[in-house]
>>> print(open('work-v9.txt').read())   # compact mmCIF, C-alpha atoms and all ligand atoms
# COMPACT_ATOMS: atom_id res chain seq x y z
CA MET A 44 -4.49 1.05 36.20
CA GLU A 45 -5.26 3.17 33.18
CA LYS A 46 -4.56 1.03 30.13
CA TYR A 47 -2.19 2.44 27.56
CA SER A 48 -3.62 2.71 24.08
CA TYR A 49 -1.57 2.46 20.90
CA THR A 50 -4.07 3.42 18.19
CA GLU A 51 -2.06 6.33 16.70
CA SER A 52 1.07 4.18 16.52
CA ALA A 53 -0.94 1.40 14.88
CA ALA A 54 -2.24 3.81 12.24
CA LEU A 55 1.23 5.20 11.55
CA LEU A 56 2.65 1.69 11.32
CA ALA A 57 0.06 0.77 8.70
CA ARG A 58 1.04 3.91 6.74
CA ALA A 59 4.78 3.24 7.24
CA ARG A 60 4.49 -0.29 5.91
CA LYS A 61 3.42 1.10 2.52
CA ALA A 62 6.69 3.03 2.19
CA LEU A 63 9.27 1.62 4.61
CA ALA A 64 10.07 -2.08 4.23
CA GLY A 65 8.46 -3.72 7.24
CA GLY A 66 7.55 -0.26 8.53
CA VAL A 67 10.90 0.26 10.28
CA SER A 68 14.54 1.21 9.66
CA SER A 69 16.16 -1.47 11.81
CA GLU A 70 14.81 -5.01 12.22
CA PHE A 71 14.89 -4.87 16.03
CA ARG A 72 12.41 -1.98 16.14
CA LYS A 73 9.61 -4.28 14.99
CA TYR A 74 9.72 -6.13 18.27
CA ASN A 75 8.06 -3.65 20.55
CA HIS A 76 4.79 -4.02 22.43
CA PRO A 77 2.23 -4.49 20.97
CA HIS A 78 3.99 -3.61 17.66
CA ALA A 79 6.49 -1.00 16.44
CA ILE A 80 5.75 2.23 18.31
CA PHE A 81 6.13 5.81 17.03
CA TYR A 82 7.65 8.30 19.47
CA ASN A 83 7.66 12.05 19.30
CA HIS A 84 10.03 13.16 22.03
CA GLY A 85 12.37 12.13 24.79
CA GLU A 86 13.71 14.00 27.75
CA GLY A 87 15.89 12.76 30.59
CA SER A 88 14.68 9.34 31.73
CA TYR A 89 11.41 9.55 29.77
CA ILE A 90 10.23 8.97 26.23
CA TYR A 91 6.76 9.86 24.86
CA ASP A 92 4.85 8.19 22.05
CA VAL A 93 2.35 9.60 19.56
CA ASP A 94 -0.58 8.29 21.61
CA GLY A 95 0.54 10.51 24.48
CA ASN A 96 1.90 7.61 26.55
CA LYS A 97 4.88 8.37 28.77
CA TYR A 98 7.50 5.74 29.52
CA LEU A 99 10.27 5.52 32.06
CA ASP A 100 12.94 4.38 29.63
CA PHE A 101 15.37 1.57 30.40
CA THR A 102 16.12 0.81 26.75
CA LEU A 103 18.17 3.99 26.33
CA SER A 104 17.61 3.48 22.62
CA GLN A 105 19.46 0.11 22.79
CA GLY A 106 22.26 1.60 24.88
CA PRO A 107 23.51 4.89 23.42
CA LEU A 108 21.66 7.27 25.76
CA ILE A 109 23.93 6.98 28.76
CA LEU A 110 23.07 10.61 29.60
CA GLY A 111 19.36 10.06 29.02
CA HIS A 112 17.32 11.71 26.27
CA SER A 113 18.11 15.22 25.03
CA HIS A 114 20.94 15.99 27.43
CA PRO A 115 21.32 19.80 27.31
CA GLU A 116 25.14 19.77 27.13
CA VAL A 117 25.06 17.40 24.18
CA LEU A 118 22.37 19.34 22.32
CA LYS A 119 24.23 22.61 22.91
CA ALA A 120 27.54 21.25 21.63
CA VAL A 121 25.89 19.72 18.56
CA ALA A 122 24.00 22.93 17.72
CA GLU A 123 27.03 25.18 18.21
CA TYR A 124 29.49 23.07 16.28
CA SER A 125 27.02 22.31 13.48
CA ARG A 126 26.69 26.04 12.83
CA GLN A 127 30.31 26.03 11.69
CA GLY A 128 29.57 23.32 9.14
CA GLN A 129 28.44 19.71 9.03
CA LEU A 130 30.96 17.70 7.06
CA PHE A 131 34.13 19.01 5.45
CA ALA A 132 35.51 15.97 3.60
CA GLY A 133 38.57 17.18 5.43
CA GLN A 134 39.92 17.50 8.92
CA HIS A 135 38.72 19.63 11.83
CA ILE A 136 40.18 20.43 15.20
CA LYS A 137 37.57 18.68 17.35
CA GLU A 138 38.43 15.35 15.74
CA ILE A 139 41.90 15.61 17.25
CA GLU A 140 40.49 16.71 20.59
CA LEU A 141 38.22 13.67 20.67
CA ALA A 142 41.00 11.27 19.64
CA GLU A 143 43.27 12.76 22.33
CA LYS A 144 40.48 12.36 24.86
CA LEU A 145 40.10 8.67 23.97
CA GLN A 146 43.89 8.23 24.28
CA GLU A 147 43.64 9.69 27.76
CA LEU A 148 40.68 7.56 28.85
CA ILE A 149 41.27 4.16 27.22
CA SER A 150 44.44 2.20 28.01
CA SER A 151 44.80 0.55 24.60
CA ALA A 152 43.86 3.63 22.53
CA GLU A 153 47.23 4.52 21.09
CA LEU A 154 45.82 5.21 17.62
CA ILE A 155 42.21 5.77 16.68
CA ARG A 156 39.92 5.90 13.66
CA PHE A 157 36.33 7.08 13.78
CA CYS A 158 33.46 5.30 12.03
CA LEU A 159 29.69 5.68 12.14
CA ASP A 160 28.51 2.55 13.90
CA GLY A 161 29.53 -0.64 15.63
CA SER A 162 29.13 -2.91 12.62
CA THR A 163 31.62 -1.14 10.37
CA ALA A 164 34.08 -0.52 13.21
CA VAL A 165 34.11 -4.29 13.92
CA GLN A 166 34.96 -4.97 10.27
CA THR A 167 37.76 -2.40 10.40
CA ALA A 168 39.33 -4.13 13.40
CA LEU A 169 39.08 -7.53 11.69
CA ARG A 170 40.73 -6.14 8.56
CA VAL A 171 43.58 -4.69 10.63
CA ALA A 172 44.06 -8.05 12.35
CA ARG A 173 44.11 -9.98 9.07
CA ALA A 174 46.57 -7.56 7.49
CA ASN A 175 48.95 -7.67 10.45
CA THR A 176 49.01 -11.43 10.80
CA GLY A 177 48.57 -12.53 7.20
CA ARG A 178 45.96 -15.01 8.51
CA GLN A 179 42.39 -15.20 7.28
CA LYS A 180 40.07 -16.35 10.06
CA PHE A 181 38.82 -14.91 13.30
CA LEU A 182 37.71 -16.86 16.33
CA ARG A 183 34.44 -15.75 17.86
CA PHE A 184 31.87 -16.99 20.33
CA GLU A 185 28.33 -18.32 20.16
CA GLY A 186 25.65 -15.77 20.98
CA HIS A 187 27.93 -12.73 20.77
CA TYR A 188 26.59 -10.00 18.52
CA HIS A 189 29.10 -8.05 16.44
CA GLY A 190 26.74 -6.28 14.06
CA TRP A 191 24.60 -7.33 11.15
CA LEU A 192 27.18 -7.75 8.35
CA ASP A 193 27.83 -11.02 6.52
CA ASN A 194 30.71 -12.64 8.40
CA VAL A 195 29.19 -12.09 11.86
CA SER A 196 25.58 -12.99 11.04
CA TRP A 197 26.05 -16.59 12.20
CA GLY A 198 26.06 -18.22 15.61
CA ILE A 199 23.43 -15.85 16.98
CA SER A 200 20.35 -17.85 16.13
CA ALA A 201 19.54 -21.53 16.57
CA SER A 202 16.36 -23.48 17.20
CA SER A 203 17.75 -25.22 20.31
CA ALA A 204 20.97 -25.98 22.16
CA GLU A 205 20.84 -29.54 20.75
CA ALA A 206 20.72 -28.20 17.18
CA MET A 207 24.06 -26.48 17.82
CA GLY A 208 25.86 -29.82 17.93
CA SER A 209 29.00 -30.55 19.93
CA ARG A 210 30.84 -27.84 21.87
CA GLU A 211 34.09 -28.72 20.09
CA GLN A 212 32.63 -28.48 16.59
CA PRO A 213 29.53 -26.32 16.77
CA LYS A 214 27.01 -26.08 13.97
CA VAL A 215 26.17 -22.54 12.98
CA PHE A 216 23.08 -21.22 11.29
CA PRO A 217 22.71 -18.11 9.16
CA TRP A 218 20.77 -15.34 10.90
CA THR A 219 19.31 -14.15 7.62
CA GLU A 220 18.86 -15.15 4.01
CA GLY A 221 21.23 -13.62 1.52
CA LEU A 222 24.54 -14.43 3.21
CA PRO A 223 27.35 -15.54 0.89
CA GLU A 224 28.42 -19.10 1.70
CA ARG A 225 32.07 -18.00 1.77
CA ALA A 226 31.35 -15.79 4.80
CA ARG A 227 31.04 -19.05 6.73
CA ASP A 228 34.73 -19.74 6.08
CA GLU A 229 35.90 -16.53 7.71
CA PHE A 230 35.45 -17.64 11.30
CA ILE A 231 35.81 -20.42 13.81
CA ILE A 232 33.14 -20.40 16.50
CA LEU A 233 33.14 -21.81 20.04
CA PRO A 234 31.00 -21.56 23.16
CA TRP A 235 32.01 -18.65 25.41
CA ASN A 236 33.67 -18.83 28.83
CA ASP A 237 35.39 -22.17 28.12
CA LEU A 238 39.09 -21.33 28.19
CA GLU A 239 40.33 -24.91 27.92
CA LEU A 240 38.40 -25.35 24.70
CA VAL A 241 39.79 -22.11 23.24
CA LYS A 242 43.32 -23.21 24.20
CA LYS A 243 42.87 -26.55 22.52
CA VAL A 244 41.43 -25.17 19.29
CA VAL A 245 43.95 -22.33 19.02
CA ALA A 246 46.87 -24.71 19.66
CA GLU A 247 45.68 -26.76 16.68
CA ARG A 248 44.63 -23.96 14.33
CA HIS A 249 46.59 -20.83 15.29
CA LYS A 250 48.18 -20.54 11.85
CA GLU A 251 44.73 -19.71 10.46
CA ILE A 252 43.66 -17.30 13.20
CA ALA A 253 44.19 -13.53 12.88
CA ALA A 254 42.01 -12.44 15.80
CA ILE A 255 39.91 -13.53 18.73
CA ILE A 256 36.92 -11.22 19.05
CA THR A 257 34.70 -11.12 22.12
CA GLU A 258 32.31 -8.89 23.96
CA PRO A 259 34.09 -8.54 27.32
CA VAL A 260 30.69 -9.02 28.97
CA MET A 261 28.28 -11.05 26.85
CA CYS A 262 25.74 -8.26 26.89
CA ASN A 263 23.80 -9.41 23.86
CA ASN A 264 22.84 -12.69 25.41
CA SER A 265 21.85 -13.00 29.06
CA CYS A 266 24.42 -10.36 30.11
CA ILE A 267 26.97 -12.97 31.16
CA LEU A 268 30.10 -11.92 33.00
CA PRO A 269 33.39 -13.48 31.93
CA ALA A 270 34.36 -16.51 34.01
CA GLU A 271 37.23 -15.97 36.43
CA GLY A 272 40.44 -15.80 34.40
CA PHE A 273 38.70 -16.11 31.01
CA LEU A 274 39.66 -12.71 29.56
CA GLU A 275 43.15 -12.97 31.06
CA GLY A 276 43.44 -16.42 29.50
CA LEU A 277 42.44 -15.07 26.06
CA ARG A 278 45.10 -12.38 26.48
CA GLU A 279 47.76 -15.02 27.16
CA ILE A 280 46.68 -17.20 24.24
CA CYS A 281 46.78 -14.23 21.87
CA ASP A 282 50.25 -13.23 23.12
CA GLU A 283 51.52 -16.75 22.72
CA TYR A 284 50.38 -17.12 19.11
CA GLY A 285 50.61 -13.52 17.84
CA ILE A 286 46.82 -13.23 17.49
CA ALA A 287 44.99 -9.89 17.86
CA LEU A 288 42.72 -9.78 20.89
CA ILE A 289 39.72 -7.65 19.94
CA PHE A 290 37.26 -6.44 22.56
CA ASP A 291 33.93 -5.42 21.11
CA GLU A 292 33.12 -2.68 23.62
CA VAL A 293 30.14 -1.37 21.66
CA ILE A 294 27.98 -1.84 24.78
CA THR A 295 30.54 -1.95 27.60
CA GLY A 296 32.40 1.17 26.39
CA PHE A 297 31.81 4.24 28.62
CA ARG A 298 29.30 2.08 30.52
CA MET A 299 31.43 -0.22 32.70
CA SER A 300 33.89 2.63 33.28
CA LEU A 301 35.28 5.64 31.45
CA GLY A 302 37.95 3.35 30.01
CA GLY A 303 35.48 0.58 29.16
CA ALA A 304 35.48 -3.04 30.26
CA GLN A 305 39.22 -3.24 29.57
CA GLN A 306 39.84 -0.85 32.42
CA TYR A 307 37.20 -2.46 34.62
CA PHE A 308 38.70 -5.96 34.22
CA ASN A 309 42.25 -4.72 33.70
CA VAL A 310 42.75 -6.84 30.61
CA ILE A 311 44.10 -4.82 27.72
CA PRO A 312 43.15 -5.87 24.18
CA ASP A 313 45.13 -5.07 21.04
CA LEU A 314 42.14 -3.56 19.26
CA SER A 315 38.73 -2.52 20.48
CA ILE A 316 35.52 -0.97 19.29
CA PHE A 317 33.61 1.77 21.06
CA ALA A 318 30.23 2.96 19.83
CA LYS A 319 26.83 3.28 21.48
CA ALA A 320 27.34 5.31 24.68
CA MET A 321 30.17 7.32 23.15
CA GLY A 322 27.91 9.58 21.10
CA SER A 323 24.64 9.93 23.03
CA GLY A 324 22.63 8.75 20.03
CA TYR A 325 24.67 10.46 17.29
CA PRO A 326 26.26 8.09 14.78
CA ILE A 327 29.87 7.78 15.86
CA SER A 328 32.08 4.85 16.76
CA ALA A 329 35.80 4.29 17.11
CA VAL A 330 38.30 1.56 16.39
CA VAL A 331 41.11 2.03 18.85
CA GLY A 332 44.25 0.01 19.26
CA LYS A 333 47.86 -0.42 20.01
CA ARG A 334 50.23 1.35 17.63
CA LYS A 335 51.75 -2.00 16.68
CA TRP A 336 48.43 -3.02 15.11
CA MET A 337 46.99 0.33 14.01
CA ASN A 338 50.22 1.34 12.22
CA LEU A 339 48.98 -0.39 9.11
CA ILE A 340 46.17 2.18 8.90
CA GLN A 341 48.65 4.94 9.74
CA ASP A 342 50.74 3.78 6.76
CA ALA A 343 47.72 3.32 4.49
CA ARG A 344 48.42 -0.35 3.98
CA VAL A 345 45.02 -1.01 5.49
CA ILE A 346 42.32 1.19 4.06
CA HIS A 347 39.56 2.54 6.24
CA ALA A 348 37.26 5.16 4.75
CA GLY A 349 33.77 6.61 4.93
CA THR A 350 32.25 9.80 3.51
CA MET A 351 30.24 10.49 6.64
CA ASN A 352 32.91 9.66 9.26
CA ALA A 353 33.60 12.16 12.04
CA GLY A 354 31.29 14.94 10.90
CA ASN A 355 30.88 17.99 13.13
CA PRO A 356 27.65 17.02 14.96
CA THR A 357 28.78 13.51 15.82
CA VAL A 358 32.21 14.54 17.07
CA ALA A 359 30.69 17.38 19.09
CA ALA A 360 28.19 14.92 20.62
CA ALA A 361 30.97 12.51 21.62
CA LEU A 362 33.11 15.29 23.09
CA ALA A 363 30.18 16.59 25.12
CA THR A 364 29.22 13.08 26.28
CA THR A 365 32.72 12.17 27.43
CA SER A 366 33.14 15.52 29.12
CA VAL A 367 29.88 15.17 31.09
CA LEU A 368 30.83 11.60 32.07
CA GLU A 369 34.29 12.76 33.17
CA ALA A 370 32.88 15.64 35.20
CA GLU A 371 30.10 13.64 36.88
CA LEU A 372 31.69 10.18 37.11
CA PRO A 373 28.28 8.49 37.45
CA TYR A 374 29.70 4.96 37.55
CA GLU A 375 29.38 4.18 41.24
CA ARG A 376 25.77 5.35 41.12
CA MET A 377 24.97 3.38 37.96
CA PHE A 378 26.33 0.19 39.53
CA LEU A 379 24.45 0.88 42.75
CA TYR A 380 21.12 1.65 41.07
CA GLY A 381 21.57 -1.31 38.76
CA GLN A 382 22.08 -3.61 41.74
CA ARG A 383 19.09 -2.06 43.53
CA LEU A 384 16.89 -2.72 40.51
CA MET A 385 18.23 -6.26 40.08
CA ASP A 386 17.50 -7.03 43.74
CA GLY A 387 14.06 -5.44 43.46
CA LEU A 388 13.20 -7.62 40.47
CA ARG A 389 14.39 -10.74 42.29
CA GLN A 390 12.26 -9.88 45.32
CA ALA A 391 9.24 -9.07 43.16
CA ALA A 392 9.58 -12.45 41.44
CA ALA A 393 10.03 -14.35 44.70
CA ALA A 394 6.93 -12.71 46.18
CA ALA A 395 4.93 -13.84 43.15
CA GLY A 396 6.40 -17.36 43.16
CA GLN A 397 8.20 -16.82 39.82
CA LYS A 398 11.55 -18.43 38.98
CA LEU A 399 13.56 -15.47 37.75
CA LEU A 400 17.25 -15.18 36.96
CA VAL A 401 18.74 -11.67 36.96
CA GLN A 402 22.41 -11.33 36.06
CA GLY A 403 24.90 -8.71 34.90
CA PRO A 404 27.14 -6.06 36.38
CA GLY A 405 24.44 -3.42 37.07
CA PRO A 406 24.83 -0.57 34.54
CA MET A 407 23.33 -3.20 32.24
CA PHE A 408 21.80 -6.50 33.23
CA HIS A 409 19.48 -9.21 31.95
CA MET A 410 16.39 -10.86 33.39
CA GLY A 411 14.75 -14.07 32.27
CA PHE A 412 12.43 -16.71 33.67
CA THR A 413 14.26 -19.99 34.18
CA HIS A 414 14.86 -22.69 36.78
CA LEU A 415 18.65 -22.25 36.31
CA ASP A 416 20.71 -20.42 38.96
CA LYS A 417 23.19 -19.20 36.39
CA VAL A 418 23.48 -18.91 32.62
CA SER A 419 27.10 -19.14 31.44
CA ASP A 420 26.84 -19.29 27.68
CA TYR A 421 24.46 -19.07 24.74
CA ARG A 422 23.53 -22.76 24.97
CA ASP A 423 22.22 -22.28 28.53
CA SER A 424 20.01 -19.43 27.37
CA PHE A 425 17.61 -21.81 25.62
CA ASN A 426 16.26 -22.60 29.09
CA TYR A 427 14.50 -19.25 29.36
CA ASP A 428 10.72 -19.06 29.15
CA LYS A 429 10.52 -16.46 26.38
CA ALA A 430 6.72 -16.34 26.31
CA LYS A 431 6.63 -15.40 29.99
CA LEU A 432 9.25 -12.70 29.46
CA GLY A 433 7.14 -11.35 26.60
CA LYS A 434 4.15 -11.07 28.94
CA PHE A 435 6.28 -9.35 31.57
CA ILE A 436 7.71 -6.80 29.12
CA ALA A 437 4.21 -6.09 27.76
CA GLY A 438 2.83 -5.64 31.29
CA MET A 439 5.62 -3.20 32.14
CA HIS A 440 5.05 -1.29 28.90
CA ASP A 441 1.34 -0.96 29.67
CA ARG A 442 2.36 0.55 33.03
CA GLY A 443 4.77 3.05 31.45
CA VAL A 444 8.10 1.26 31.95
CA ARG A 445 9.99 0.56 28.73
CA VAL A 446 12.42 -2.38 28.70
CA ILE A 447 14.12 -4.10 25.74
CA GLY A 448 12.06 -7.13 24.70
CA ARG A 449 14.84 -9.65 25.25
CA GLY A 450 15.09 -8.68 28.91
CA LEU A 451 18.14 -6.39 28.82
CA TRP A 452 18.00 -3.30 31.04
CA TYR A 453 20.22 -0.23 30.75
CA ILE A 454 20.78 2.26 33.57
CA SER A 455 21.65 5.85 32.63
CA ALA A 456 23.54 8.55 34.49
CA VAL A 457 20.25 10.44 34.93
CA HIS A 458 18.05 7.69 36.36
CA THR A 459 17.12 8.50 39.95
CA GLU A 460 16.60 6.24 42.94
CA GLU A 461 12.91 7.13 42.84
CA GLU A 462 12.68 6.01 39.21
CA ILE A 463 14.38 2.73 40.04
CA ASP A 464 11.76 2.16 42.76
CA THR A 465 8.95 3.06 40.36
CA ALA A 466 10.19 0.30 38.05
CA ILE A 467 10.37 -2.19 40.94
CA LYS A 468 6.83 -1.33 41.98
CA ALA A 469 5.55 -1.88 38.44
CA ALA A 470 7.48 -5.17 38.27
CA SER A 471 5.91 -6.34 41.55
CA GLU A 472 2.46 -5.83 40.07
CA VAL A 473 3.26 -7.42 36.73
CA MET A 474 4.90 -10.50 38.30
CA GLN A 475 1.53 -11.30 39.92
CA THR A 476 -0.27 -11.27 36.56
CA ILE A 477 1.93 -13.41 34.30
N1 LIG A 501 28.78 -5.09 18.70
C1 LIG A 501 28.00 -5.15 19.78
C2 LIG A 501 28.53 -5.76 21.04
C3 LIG A 501 26.70 -4.64 19.73
O1 LIG A 501 25.92 -4.73 20.81
C4 LIG A 501 26.25 -4.04 18.53
C5 LIG A 501 24.85 -3.45 18.42
N2 LIG A 501 23.92 -3.92 19.30
C6 LIG A 501 27.12 -4.00 17.44
C7 LIG A 501 28.38 -4.52 17.56
C8 LIG A 501 26.71 -3.36 16.15
O2 LIG A 501 26.63 -1.99 16.32
P1 LIG A 501 25.70 -1.08 15.37
O3 LIG A 501 24.30 -1.50 15.60
O4 LIG A 501 26.01 0.30 15.82
O5 LIG A 501 26.16 -1.34 13.98
>>> encode(input="work-v9.txt", output="structure tokens")
Amino acid sequence: MEKYSYTESAALLARARKALAGGVSSEFRKYNHPHAIFYNHGEGSYIYDVDGNKYLDFTLSQGPLILGHSHPEVLKAVAEYSRQGQLFAGQHIKEIELAEKLQELISSAELIRFCLDGSTAVQTALRVARANTGRQKFLRFEGHYHGWLDNVSWGISASSAEAMGSREQPKVFPWTEGLPERARDEFIILPWNDLELVKKVVAERHKEIAAIITEPVMCNNSCILPAEGFLEGLREICDEYGIALIFDEVITGFRMSLGGAQQYFNVIPDLSIFAKAMGSGYPISAVVGKRKWMNLIQDARVIHAGTMNAGNPTVAAALATTSVLEAELPYERMFLYGQRLMDGLRQAAAAAGQKLLVQGPGPMFHMGFTHLDKVSDYRDSFNYDKAKLGKFIAGMHDRGVRVIGRGLWYISAVHTEEEIDTAIKAASEVMQTI
């Protein structure tokens, strides 16, 4: 095996650190192998770095690139529509076309607002829920990621499961310094997938609760599927107490199905957030919801704004992405290839005598080294051998297969069966060395 070298990236990182805080523009980009890497182009399933290394890419830039890198239809639409202007501080026709398309594809999308990213769209949905109910808190779940802003930067980091205290009254820790203490009062947190516990807490505290927010699949931690009846149960609880059910579909949107996880599981939330895969890497997201809830934005009682929202390139990118997905309907293939890769990883681990757990629906899935047969919530995830995963990811990277450091894999609509098998072959080699 020819060893990959990262000397150019290392030199650029040293230069970057003198101008960019930490050398990067998003914290997660630091955690690459062997350090932050500088890329110079991407095409289809592949991305290339400044040292001339080529990688078969399963990060898809943390999810957005459902059509792979540089999809020609997306680039064409962006170039053509950008020639007419970039941002009007006013309306344009394609914004309506995109909103109408989302209405057509997503069951709960009766009214829509566009934002730039998942984090701000989440906050918009929470504001709508608070305004509609007159209640202040939202209920959320341990280990679910809803962006990096103050009121959701808790419950996603802990030193151990024991440190998190009892399941009924969990302890939460700030993810970062600089959080206002009052942000801690905005939410109630519980372990995920435990419907009886949610029922109990909501029965006691429903007068405080405006919304229950959840990733419909816990993609950000171990890629955990909802327990049988869990999402349906949340729907019933929210109906009973007049609480907004919010699905954070930032990852599941356009990935589980054209209508998101809500269509896949046939559980319809009141409000939901779509982002990553919607725009093929251009900054666009959407808060969508039932008229009953979104009417407060319609009537300007809830303010949602943003200078950069729904500019020409981003809307064009989303229209092109949804139209390619609609024309090609790659979902069956993405599930199939995902399952093939998951099975391949399991076999590679078994052949090397490694205890590996691979779980998730297929279009995205998680792998981690543990003796457990199943991981059902964030607390379970402390049983993973993170050091071993780090060695595995590094070994794959050195063989030209790029995977997100925490073990999450994304399948795109352009990955081929041959590429899946290339990844399995690399994994078989690496499993023997760690
Ligand atoms: N929600 C979920 C489920 C996410 O996975 C993410 C990003 N990983 C966010 C919200 C935040 O989105 P963004 O990074 O676009 O702000």
>>> residues_around(input="work-v9.txt", residues="stretch 238-254 of chain A", least_positions_apart="2", cutoff="8 Å", atoms="only C-alpha atoms", output="list in words")
Leu169, Ala172, Arg173, Asn175, Thr176, Gly177, Arg178, Gln179, Lys180, Phe181, Leu182, Glu211, Leu233, Asn236, Ile256, Phe273, Gly276, Leu277, Ile280, Cys281, Tyr284, Ile286, Ala287, Leu288 and Ile289 of chain A
>>> residues_around(input="work-v9.txt", residues="stretch 115-119 of chain A", least_positions_apart="2", cutoff="6 Å", atoms="all atoms listed in the file", output="PyMOL selection string")
chain A and resi 121-122+360+363
>>> write_last_selection(input="work-v9.txt", atoms="C-alpha atoms", output="compact mmCIF listing (two decimals), in the coordinates of the input")
# COMPACT_ATOMS: atom_id res chain seq x y z
CA VAL A 121 25.89 19.72 18.56
CA ALA A 122 24.00 22.93 17.72
CA ALA A 360 28.19 14.92 20.62
CA ALA A 363 30.18 16.59 25.12
>>> residues_near_ligand(input="work-v9.txt", ligand="ligand LIG 501 (chain A)", cutoff="9 Å", atoms="all atoms listed in the file", output="ChimeraX atom specification")
/A:69,105-106,159-165,187-192,257-263,290-295,316-319,326-328
>>> residues_around(input="work-v9.txt", residues="A:Ile340", least_positions_apart="2", cutoff="10 Å", atoms="all atoms listed in the file", output="short mmCIF file (atom, residue, chain, number, x, y, z; two decimals) with C-alpha atoms, in the coordinates of the input")
data_model
loop_
_atom_site.label_atom_id
_atom_site.label_comp_id
_atom_site.auth_asym_id
_atom_site.auth_seq_id
_atom_site.Cartn_x
_atom_site.Cartn_y
_atom_site.Cartn_z
CA LEU A 154 45.82 5.21 17.62
CA ILE A 155 42.21 5.77 16.68
CA ARG A 156 39.92 5.90 13.66
CA THR A 167 37.76 -2.40 10.40
CA ARG A 170 40.73 -6.14 8.56
CA VAL A 171 43.58 -4.69 10.63
CA ALA A 174 46.57 -7.56 7.49
CA ARG A 334 50.23 1.35 17.63
CA TRP A 336 48.43 -3.02 15.11
CA MET A 337 46.99 0.33 14.01
CA ASN A 338 50.22 1.34 12.22
CA ASP A 342 50.74 3.78 6.76
CA ALA A 343 47.72 3.32 4.49
CA ARG A 344 48.42 -0.35 3.98
CA VAL A 345 45.02 -1.01 5.49
CA ILE A 346 42.32 1.19 4.06
CA HIS A 347 39.56 2.54 6.24
#
>>> atom_distance(input="work-v9.txt", atom1="atom CA of A:Ala270", atom2="atom CA of A:Val215")
23.4 Å
>>> atom_distance(input="work-v9.txt", atom1="atom CA of A:Gln127", atom2="atom CA of A:Ala370")
25.8 Å
>>> residues_around(input="work-v9.txt", residues="stretch 456-460 of chain A", least_positions_apart="2", cutoff="8 Å", atoms="only C-alpha atoms", output="MDAnalysis selection string")
chainID A and resid 87:88 109:111 373:374 376:377 380 454 462:464
>>> residues_around(input="work-v9.txt", residues="A:Leu108", least_positions_apart="2", cutoff="9 Å", atoms="all atoms listed in the file", output="JSON, numbers by chain")
{"A": [102, 103, 104, 105, 106, 110, 111, 112, 113, 114, 319, 320, 321, 322, 323, 324, 455]}
>>> residues_near_point(input="work-v9.txt", point="(7.3, -1.4, 39.1)", cutoff="10 Å", atoms="all atoms listed in the file", output="PyMOL selection string")
chain A and resi 384+387-388+391+438-439+442-444+462-474
>>> write_last_selection(input="work-v9.txt", atoms="C-alpha atoms", output="mmCIF file, in the frame of the given file")
data_model
loop_
_atom_site.group_PDB
_atom_site.id
_atom_site.type_symbol
_atom_site.label_atom_id
_atom_site.label_comp_id
_atom_site.auth_asym_id
_atom_site.auth_seq_id
_atom_site.Cartn_x
_atom_site.Cartn_y
_atom_site.Cartn_z
ATOM 1 C CA LEU A 384 16.890 -2.720 40.510
ATOM 2 C CA GLY A 387 14.060 -5.440 43.460
ATOM 3 C CA LEU A 388 13.200 -7.620 40.470
ATOM 4 C CA ALA A 391 9.240 -9.070 43.160
ATOM 5 C CA GLY A 438 2.830 -5.640 31.290
ATOM 6 C CA MET A 439 5.620 -3.200 32.140
ATOM 7 C CA ARG A 442 2.360 0.550 33.030
ATOM 8 C CA GLY A 443 4.770 3.050 31.450
ATOM 9 C CA VAL A 444 8.100 1.260 31.950
ATOM 10 C CA GLU A 462 12.680 6.010 39.210
ATOM 11 C CA ILE A 463 14.380 2.730 40.040
ATOM 12 C CA ASP A 464 11.760 2.160 42.760
ATOM 13 C CA THR A 465 8.950 3.060 40.360
ATOM 14 C CA ALA A 466 10.190 0.300 38.050
ATOM 15 C CA ILE A 467 10.370 -2.190 40.940
ATOM 16 C CA LYS A 468 6.830 -1.330 41.980
ATOM 17 C CA ALA A 469 5.550 -1.880 38.440
ATOM 18 C CA ALA A 470 7.480 -5.170 38.270
ATOM 19 C CA SER A 471 5.910 -6.340 41.550
ATOM 20 C CA GLU A 472 2.460 -5.830 40.070
ATOM 21 C CA VAL A 473 3.260 -7.420 36.730
ATOM 22 C CA MET A 474 4.900 -10.500 38.300
#
>>> closest_residue(input="work-v9.txt", among="A:Glu375, A:Glu51, A:Glu271, A:Asp237", to="A:Val93", atoms="all atoms listed in the file")
A:Glu51
>>> closest_residue(input="work-v9.txt", among="A:Asp282, A:Glu220, A:Glu229, A:Asp100", to="A:Ile447", atoms="all atoms listed in the file")
A:Asp100
>>> closest_residue(input="work-v9.txt", among="A:Pro77, A:Gly381, A:Gly450, A:Gly303", to="A:Met407", atoms="all atoms listed in the file")
A:Gly381
>>> closest_residue(input="work-v9.txt", among="A:Ala168, A:Ala59, A:Met385, A:Ile436", to="A:Lys333", atoms="all atoms listed in the file")
A:Ala168
>>> closest_residue(input="work-v9.txt", among="A:Gly85, A:Pro234, A:Gly448, A:Pro269", to="A:Phe184", atoms="all atoms listed in the file")
A:Pro234
>>> atom_distance(input="work-v9.txt", atom1="atom CA of A:His409", atom2="atom CA of A:Asn309")
23.3 Å
>>> closest_residue(input="work-v9.txt", among="A:Ala204, A:Ala152, A:Val446, A:Leu368", to="A:Ile311", atoms="all atoms listed in the file")
A:Ala152
>>> decode(input="work-v9.txt", residues="stretch 215-221 of chain A", atoms="C-alpha atoms", output="compact mmCIF listing (two decimals), in the first residue's frame")
# COMPACT_ATOMS: atom_id res chain seq x y z
CA VAL A 215 -26.73 18.13 31.50
CA PHE A 216 -23.38 19.65 30.72
CA PRO A 217 -22.60 22.65 28.53
CA TRP A 218 -20.93 21.69 25.25
CA THR A 219 -18.94 24.90 25.22
CA GLU A 220 -17.90 27.80 27.38
CA GLY A 221 -19.80 31.03 26.93
